[in-house]
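Trainee: So here's upload24.cif, just mmCIF, C-alpha atoms:
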data_final
loop_
_atom_site.label_atom_id
_atom_site.label_comp_id
_atom_site.auth_asym_id
_atom_site.auth_seq_id
_atom_site.Cartn_x
_atom_site.Cartn_y
_atom_site.Cartn_z
CA MET A 1 132.32 94.37 135.39
CA LEU A 2 130.74 96.34 132.57
CA LYS A 3 133.57 95.35 130.32
CA PHE A 4 132.94 91.75 131.14
CA LYS A 5 129.27 92.14 130.36
CA ILE A 6 129.95 93.73 126.99
CA LYS A 7 132.36 90.95 126.19
CA GLY A 8 129.75 88.43 127.16
CA ILE A 9 127.13 90.04 124.96
CA LEU A 10 129.54 90.23 122.06
CA LEU A 11 130.45 86.61 122.54
CA ALA A 12 126.80 85.60 122.67
CA ALA A 13 126.10 87.65 119.54
CA ALA A 14 129.04 86.04 117.79
CA LEU A 15 127.84 82.59 118.78
CA VAL A 16 124.35 83.36 117.52
CA LEU A 17 125.79 84.65 114.28
CA ILE A 18 127.97 81.60 113.84
CA SER A 19 125.14 79.24 114.58
CA CYS A 20 122.77 81.14 112.30
CA ASN A 21 125.19 81.17 109.45
CA THR A 22 126.46 77.66 109.29
CA THR A 23 125.02 75.18 111.74
CA PRO A 24 121.55 75.14 110.20
CA THR A 25 122.93 73.93 106.91
CA LEU A 26 124.26 70.66 108.24
CA GLN A 27 121.56 70.67 110.90
CA LYS A 28 118.94 71.12 108.23
CA TYR A 29 120.55 68.51 106.05
CA ILE A 30 120.46 65.96 108.85
CA VAL A 31 116.89 66.80 109.84
CA ASP A 32 115.73 66.59 106.21
CA SER A 33 117.57 63.36 105.58
CA LYS A 34 116.10 61.69 108.65
CA GLU A 35 112.73 61.83 106.94
CA ASN A 36 114.08 59.91 104.01
CA ASN A 37 113.82 56.17 104.56
CA GLU A 38 117.02 55.50 102.67
CA PHE A 39 118.94 57.02 105.56
CA MET A 40 119.62 55.55 108.96
CA SER A 41 119.98 57.90 111.84
CA VAL A 42 120.48 57.87 115.60
CA ASP A 43 120.59 60.79 117.99
CA VAL A 44 122.49 60.25 121.16
CA PRO A 45 122.22 62.64 124.11
CA ALA A 46 125.40 63.35 126.02
CA SER A 47 123.85 61.66 129.02
CA ILE A 48 125.11 58.29 127.83
CA ILE A 49 128.55 59.54 128.79
CA GLN A 50 128.74 59.15 132.52
CA LEU A 51 131.36 59.83 135.12
CA LYS A 52 132.89 56.80 136.77
CA ASN A 53 132.95 58.52 140.13
CA VAL A 54 130.69 61.21 141.45
CA ASP A 55 133.52 62.86 143.29
CA VAL A 56 135.47 64.22 140.33
CA SER A 57 136.54 67.83 140.18
CA ASP A 58 134.09 70.54 139.18
CA SER A 59 136.16 71.36 136.14
CA ALA A 60 135.75 67.79 134.91
CA LYS A 61 132.00 68.07 135.40
CA ASN A 62 131.99 71.36 133.53
CA THR A 63 133.95 69.79 130.70
CA LEU A 64 131.43 67.00 130.49
CA ASN A 65 128.64 69.56 130.38
CA THR A 66 130.14 71.21 127.32
CA ILE A 67 129.24 68.10 125.31
CA LYS A 68 125.59 68.22 124.33
CA LYS A 69 124.66 65.49 121.92
CA MET A 70 125.68 63.37 119.00
CA ASN A 71 124.01 62.72 115.65
CA PHE A 72 124.69 59.76 113.44
CA LEU A 73 123.43 59.67 109.92
CA ALA A 74 124.25 57.02 107.37
CA LEU A 75 123.29 56.18 103.83
CA GLN A 76 123.98 52.64 102.83
CA LEU A 77 124.60 52.03 99.18
CA ASN A 78 122.46 49.40 97.44
CA GLU A 79 121.51 48.55 93.86
CA ASN A 80 118.80 51.19 93.68
CA ASN A 81 120.20 54.28 95.32
CA GLU A 82 123.49 55.00 93.62
CA LYS A 83 122.21 58.26 92.15
CA LEU A 84 120.98 59.36 95.56
CA TYR A 85 124.33 58.43 97.10
CA VAL A 86 126.27 60.51 94.60
CA SER A 87 124.04 63.56 94.90
CA GLU A 88 123.78 63.39 98.69
CA LYS A 89 127.50 62.92 99.09
CA MET A 90 128.07 66.03 97.00
CA LYS A 91 125.64 67.96 99.19
CA VAL A 92 127.52 67.05 102.35
CA GLU A 93 130.86 67.80 100.76
CA LYS A 94 129.57 71.19 99.75
CA ILE A 95 128.37 71.95 103.26
CA LEU A 96 131.74 70.98 104.70
CA LYS A 97 133.57 73.11 102.12
CA ASN A 98 132.27 76.17 103.95
CA PRO A 99 135.44 77.75 105.35
CA LYS A 100 133.78 77.98 108.74
CA TYR A 101 134.34 74.27 109.03
CA LYS A 102 137.99 73.89 109.81
CA GLN A 103 139.34 70.69 108.51
CA LEU A 104 141.72 68.84 110.77
CA ILE A 105 142.58 65.75 108.85
CA ARG A 106 141.51 63.95 105.75
CA PHE A 107 142.38 60.48 104.71
CA LYS A 108 141.73 58.72 101.46
CA ARG A 109 142.36 55.19 100.38
CA ASN A 110 141.13 53.81 97.07
CA LYS A 111 137.47 54.79 97.01
CA SER A 112 136.96 55.64 100.64
CA ASN A 113 137.41 59.01 102.30
CA VAL A 114 137.35 60.20 105.87
CA SER A 115 137.57 63.78 107.01
CA VAL A 116 137.45 65.35 110.46
CA ASN A 117 136.17 68.92 110.67
CA TYR A 118 135.11 71.28 113.40
CA LEU A 119 133.35 74.57 114.04
CA GLY A 120 134.69 77.05 116.56
CA ASP A 121 138.15 77.66 117.94
CA GLU A 122 140.75 75.07 118.76
CA ASN A 123 140.05 75.65 122.46
CA ALA A 124 136.31 76.11 122.18
CA ILE A 125 134.72 73.77 119.71
CA ASN A 126 130.99 73.90 119.04
CA GLU A 127 130.67 71.08 116.58
CA VAL A 128 132.81 68.21 115.38
CA VAL A 129 131.89 66.53 112.12
CA VAL A 130 133.38 63.27 110.96
CA PHE A 131 132.41 62.43 107.42
CA GLY A 132 133.30 59.09 105.97
CA SER A 133 132.36 57.76 102.56
CA ASP A 134 133.07 54.69 100.55
CA ASN A 135 131.92 54.45 96.96
CA LYS A 136 131.08 50.79 97.45
CA LYS A 137 129.33 50.94 100.81
CA GLY A 138 127.83 54.38 101.35
CA PHE A 139 128.55 57.25 103.67
CA ALA A 140 128.16 58.22 107.30
CA ILE A 141 128.20 61.45 109.24
CA VAL A 142 129.06 61.59 112.91
CA ARG A 143 128.36 64.94 114.46
CA ILE A 144 129.18 65.91 118.02
CA LEU A 145 127.51 69.06 119.26
CA GLY A 146 128.57 71.06 122.24
CA GLU A 147 129.36 74.45 123.61
CA ASN A 148 132.97 75.55 123.75
CA MET A 149 134.32 72.04 124.01
CA ASN A 150 138.00 72.06 124.84
CA PRO A 151 139.75 69.10 123.25
CA SER A 152 142.58 68.96 125.75
CA ASP A 153 140.13 69.03 128.68
CA ILE A 154 138.06 66.34 127.03
CA LEU A 155 141.18 64.26 126.56
CA LYS A 156 141.88 64.62 130.28
CA LEU A 157 138.28 63.79 131.06
CA SER A 158 138.34 60.65 128.95
CA GLN A 159 139.90 58.71 131.83
CA ASP A 160 137.04 59.58 134.16
CA ILE A 161 134.09 58.64 132.02
CA LYS A 162 132.25 55.54 130.97
CA ILE A 163 129.60 54.97 128.36
CA ASP A 164 126.19 53.90 129.52
CA GLY A 165 126.01 50.80 127.36
CA ASN A 166 122.51 49.77 128.40
CA SER A 167 120.71 52.86 127.25
CA ASN A 168 118.23 52.74 124.43
CA GLN A 169 120.26 55.04 122.25
CA MET A 170 123.35 52.92 122.68
CA ASN A 171 121.46 49.84 121.53
CA GLN A 172 120.16 51.74 118.55
CA LEU A 173 123.67 52.82 117.71
CA GLU A 174 124.97 49.29 117.98
CA SER A 175 122.32 47.97 115.64
CA LEU A 176 123.11 50.80 113.23
CA PHE A 177 126.75 49.80 113.12
CA LYS A 178 125.85 46.15 112.75
CA SER A 179 123.62 46.89 109.79
CA LEU A 180 126.41 48.93 108.21
CA ASN A 181 128.66 45.91 108.13
CA MET B 1 136.87 102.68 98.57
CA LYS B 2 134.92 99.95 100.30
CA LYS B 3 134.84 98.01 97.08
CA ILE B 4 138.61 98.17 96.76
CA ILE B 5 139.05 96.88 100.29
CA LEU B 6 136.59 94.11 99.62
CA ILE B 7 138.40 93.10 96.46
CA ALA B 8 141.73 93.22 98.25
CA VAL B 9 140.38 91.04 101.04
CA LEU B 10 138.94 88.59 98.55
CA LEU B 11 142.21 88.46 96.67
CA ILE B 12 144.24 87.90 99.81
CA GLY B 13 141.71 85.34 100.93
CA SER B 14 141.89 83.41 97.72
CA TYR B 15 145.65 83.69 97.71
CA THR B 16 146.02 82.23 101.18
CA SER B 17 143.66 79.40 100.42
CA PHE B 18 145.56 78.84 97.21
CA ALA B 19 148.82 78.78 99.11
CA GLN B 20 147.64 75.74 101.03
CA GLU B 21 147.33 73.81 97.84
CA SER B 22 150.34 72.25 96.29
CA ILE B 23 151.46 70.81 93.03
CA PHE B 24 150.91 67.34 94.47
CA ASP B 25 147.23 67.78 95.26
CA LYS B 26 146.15 66.32 91.94
CA PHE B 27 147.27 62.91 93.18
CA GLU B 28 144.58 63.05 95.81
CA ASP B 29 141.88 62.64 93.18
CA MET B 30 143.41 59.52 91.72
CA ASP B 31 141.88 56.21 92.67
CA ASP B 32 145.08 54.29 93.27
CA VAL B 33 146.56 56.82 95.65
CA THR B 34 146.30 56.69 99.40
CA THR B 35 146.35 60.17 100.89
CA VAL B 36 146.74 61.55 104.37
CA VAL B 37 146.39 65.29 104.87
CA VAL B 38 146.89 66.91 108.25
CA ASN B 39 145.99 70.60 108.32
CA LYS B 40 147.31 73.53 110.29
CA GLU B 41 144.23 73.46 112.52
CA ALA B 42 145.08 69.93 113.60
CA PHE B 43 148.61 70.93 114.54
CA ARG B 44 147.32 73.91 116.46
CA MET B 45 144.88 71.70 118.26
CA LEU B 46 147.56 69.14 119.02
CA SER B 47 149.67 71.89 120.49
CA THR B 48 146.94 72.69 123.01
CA PHE B 49 147.41 69.24 124.52
CA LYS B 50 150.04 70.50 126.85
CA GLY B 51 152.25 67.99 128.51
CA ASP B 52 153.72 68.15 131.96
CA ASN B 53 157.40 67.71 131.30
CA ALA B 54 159.90 69.76 129.38
CA LYS B 55 160.19 67.25 126.60
CA SER B 56 156.54 67.45 125.65
CA ASN B 57 156.72 71.23 125.79
CA ASP B 58 159.46 71.09 123.21
CA TYR B 59 157.24 68.94 121.16
CA VAL B 60 154.30 71.32 121.48
CA GLN B 61 156.50 74.18 120.35
CA MET B 62 157.46 72.33 117.24
CA VAL B 63 154.01 71.09 116.40
CA GLN B 64 152.28 74.46 116.59
CA ASN B 65 154.58 75.89 113.96
CA LEU B 66 153.65 73.31 111.38
CA ASN B 67 151.41 74.19 108.47
CA SER B 68 150.48 71.00 106.77
CA LEU B 69 151.47 67.43 106.30
CA LYS B 70 150.58 65.62 103.13
CA VAL B 71 151.40 62.04 102.31
CA PHE B 72 150.61 60.45 98.97
CA THR B 73 151.25 56.76 98.46
CA THR B 74 150.69 54.67 95.40
CA GLU B 75 151.37 51.17 94.17
CA ASN B 76 150.38 51.94 90.64
CA ASN B 77 153.29 51.93 88.19
CA GLU B 78 152.00 54.72 86.04
CA ILE B 79 151.18 57.04 88.92
CA ALA B 80 154.52 56.26 90.55
CA SER B 81 156.34 57.49 87.48
CA GLN B 82 154.05 60.53 87.30
CA MET B 83 154.96 61.29 90.89
CA LYS B 84 158.61 61.07 90.03
CA ASN B 85 158.17 63.56 87.22
CA VAL B 86 156.14 65.99 89.32
CA VAL B 87 158.67 65.87 92.13
CA GLY B 88 161.42 66.45 89.61
CA SER B 89 159.81 69.50 88.08
CA TYR B 90 158.85 70.84 91.52
CA LEU B 91 162.45 70.55 92.71
CA LYS B 92 163.64 72.69 89.84
CA LYS B 93 160.95 75.29 90.33
CA ALA B 94 160.85 75.59 94.11
CA LYS B 95 164.59 75.69 94.73
CA LEU B 96 164.77 72.93 97.25
CA THR B 97 168.11 71.58 98.31
CA GLU B 98 168.88 67.98 98.94
CA LEU B 99 169.27 67.15 102.57
CA MET B 100 170.03 63.50 102.23
CA ARG B 101 169.71 60.55 99.93
CA VAL B 102 169.55 56.91 100.86
CA LYS B 103 169.57 54.19 98.30
CA ASP B 104 169.62 50.51 98.94
CA LYS B 105 168.26 47.49 97.17
CA ASP B 106 164.73 48.04 98.47
CA ALA B 107 164.09 51.69 98.12
CA ASN B 108 165.38 55.01 97.03
CA VAL B 109 164.76 57.74 99.60
CA LYS B 110 165.44 61.38 98.92
CA ILE B 111 164.84 64.20 101.35
CA TYR B 112 164.79 67.82 100.27
CA VAL B 113 164.41 71.01 102.25
CA LYS B 114 163.68 74.65 101.64
CA LYS B 115 165.74 76.97 103.80
CA GLY B 116 163.84 78.67 106.61
CA LYS B 117 164.70 81.44 109.04
CA ASP B 118 168.11 80.02 109.99
CA ASP B 119 170.38 77.07 109.48
CA THR B 120 168.48 74.65 111.65
CA HIS B 121 165.03 75.67 110.47
CA VAL B 122 163.42 74.82 107.16
CA SER B 123 160.11 75.98 105.72
CA GLU B 124 159.45 72.83 103.78
CA LEU B 125 160.54 69.27 103.93
CA LEU B 126 159.89 66.97 101.02
CA MET B 127 160.53 63.28 101.05
CA PHE B 128 160.26 61.11 98.00
CA VAL B 129 160.53 57.36 98.21
CA ASN B 130 160.40 54.97 95.37
CA ASP B 131 160.52 51.30 95.57
CA MET B 132 163.35 49.55 93.81
CA ALA B 133 162.80 46.00 94.91
CA ASN B 134 159.84 45.10 92.82
CA LYS B 135 160.09 46.08 89.18
CA THR B 136 156.61 44.90 88.30
CA SER B 137 154.71 46.89 90.90
CA GLN B 138 156.44 50.09 91.78
CA GLU B 139 155.57 51.92 94.92
CA ALA B 140 156.08 55.60 95.46
CA VAL B 141 155.59 57.88 98.44
CA ILE B 142 155.58 61.66 98.52
CA LEU B 143 155.66 63.30 101.91
CA SER B 144 155.45 67.04 102.14
CA LEU B 145 155.67 68.90 105.43
CA THR B 146 155.44 72.68 105.52
CA GLY B 147 155.71 75.24 108.27
CA ASP B 148 158.51 76.42 110.50
CA ILE B 149 160.34 73.16 110.96
CA ASP B 150 163.20 72.64 113.36
CA LEU B 151 165.49 70.15 111.69
CA ASN B 152 166.71 68.92 115.05
CA LYS B 153 163.26 67.60 115.81
CA ILE B 154 162.36 66.02 112.55
CA SER B 155 163.08 62.56 113.80
CA GLU B 156 160.39 63.06 116.44
CA ILE B 157 157.83 63.99 113.79
CA THR B 158 158.66 61.12 111.54
CA ASP B 159 158.37 58.71 114.45
CA ASN B 160 154.93 59.94 115.37
CA TYR B 161 153.10 61.08 112.29
CA ILE B 162 153.97 58.81 109.44
CA PRO B 163 151.50 55.97 109.40
CA LYS B 164 153.38 52.74 109.80
CA ASN B 165 153.13 50.45 106.85
CA ASP B 166 151.97 47.08 108.09
CA LYS B 167 153.10 45.11 105.14
#
Would it be possible to restate this file's structure as structure tokens?

Mentor:
Amino acid sequence: MLKFKIKGILLAAALVLISCNTTPTLQKYIVDSKENNEFMSVDVPASIIQLKNVDVSDSAKNTLNTIKKMNFLALQLNENNEKLYVSEKMKVEKILKNPKYKQLIRFKRNKSNVSVNYLGDENAINEVVVFGSDNKKGFAIVRILGENMNPSDILKLSQDIKIDGNSNQMNQLESLFKSLN
Amino acid sequence: MKKIILIAVLLIGSYTSFAQESIFDKFEDMDDVTTVVVNKEAFRMLSTFKGDNAKSNDYVQMVQNLNSLKVFTTENNEIASQMKNVVGSYLKKAKLTELMRVKDKDANVKIYVKKGKDDTHVSELLMFVNDMANKTSQEAVILSLTGDIDLNKISEITDNYIPKNDK
């Protein structure tokens, strides 16, 4: 029992350390950028993801509870903000270069780039960051926050969930994507 | 003493991160090159998606031993010939052996391997394709897969991970 407690405390301490060291940088970046009118941003709580049936297993509910929220942040390129785009893109790239972000995949075609990164362990992910940029259109960050998200459990869960399409946040998100095109 | 350990750790750290980079990485920065990079973390994550049957377990086993997959594609003549040169010099330096070679009127495909722990395992698989059909716009593809690769299962990987060309 004591052993378990110590482990728990260590784990908590480790989590605090991890979140103190790295999360604030991207967190801070997103918070700061939201104040800038050049950026578009939407925060989506995990509550828009809903279970299709109430009577799913507890483990599925627990899995769902590991997902906390999502941030979207986008900078659309126009005639006047190219300098901003270049400098901001470099900032994000620098944040993601931190070895604590483990990069899964990156893809590049002509002038557009997409990378998928995460924080945590492969079985217990705390943050997923998708960063896409296109030197003609702008860039976007999609950030999914959670606590010990397990990708294989989430994959299993994906059959049992639906997205609440009528929520405010969902509408905001839709209009964001529309304006991006 | 502490300083020495720190330096050693830093050195090892920089070495391992260096080891992930390859001679082909410079192509990633070129505008006319399409790049796909799949890192070790992705393979490890994929391997946590456990399947139910024996076949998918096999698959998981293979995937979790992979280190990286890099694919560089270009349709630019100049870069295509650069790629050919880089592959050529890499082959001499890295002591890869040719596994197979296919040449027809459309393309020239060469597959090289670096010997791994035994006869059926290789530590690196390199595929180089260049387009023969169209002399005016040459295409070239470099595919580099590293890790502990079971040759018997390569066909499975190639079926699943190489993005299909829609053209």

Trainee: Give as a ChimeraX atom specification every residue of chain A that touches chain B within 7 Å, counting only C-alpha atoms.

Mentor: /A:102-111,122,152

Trainee: Set the distance at 12 Å and use only C-alpha atoms: which residues neighbour Ser158 in chain A once local chain neighbours fewer than 6 positions away are removed? I'd like the list as a list in words.

Mentor: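 Near Ser158 in chain A, the qualifying residues are Ile49, Gln50, Leu51, Lys52, Ala60, Lys61, Thr63, Leu64, Pro151 and Ser152 of chain A.
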
Trainee: Once you have the residues from the selection above, write them out as an mmCIF file, in the coordinates of the input, restricted to C-alpha atoms.

Mentor:
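For reference, part-v5.cif as written:
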data_model
loop_
_atom_site.group_PDB
_atom_site.id
_atom_site.type_symbol
_atom_site.label_atom_id
_atom_site.label_comp_id
_atom_site.auth_asym_id
_atom_site.auth_seq_id
_atom_site.Cartn_x
_atom_site.Cartn_y
_atom_site.Cartn_z
ATOM 1 C CA ILE A 49 128.550 59.540 128.790
ATOM 2 C CA GLN A 50 128.740 59.150 132.520
ATOM 3 C CA LEU A 51 131.360 59.830 135.120
ATOM 4 C CA LYS A 52 132.890 56.800 136.770
ATOM 5 C CA ALA A 60 135.750 67.790 134.910
ATOM 6 C CA LYS A 61 132.000 68.070 135.400
ATOM 7 C CA THR A 63 133.950 69.790 130.700
ATOM 8 C CA LEU A 64 131.430 67.000 130.490
ATOM 9 C CA PRO A 151 139.750 69.100 123.250
ATOM 10 C CA SER A 152 142.580 68.960 125.750
#

Trainee: Skip Met62 in chain B itself and residues of its chain fewer than 3 positions away, then list as a list in words all residues within 7 Å of it, counting only C-alpha atoms.

Mentor: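 The residues that qualify are Asp58, Tyr59, Asn65, Ile149 and Asp150 of chain B.
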
Trainee: In Å to one decimal, how far is CA of Ile161 in chain A from CA of Met149 in chain A?

Mentor: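 Separation between CA of Met149 in chain A and CA of Ile161 in chain A: 15.6 Å.
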
Trainee: For each of B:Ser22, B:Lys95, B:Val109, B:Glu78, take the minimum atom-to-atom distance to Thr146 in chain B, counting all atoms listed in the file, then give the residue where this is smallest.

Mentor: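 Residue with the minimum atom-to-atom distance to Thr146 in chain B: B:Ser22.
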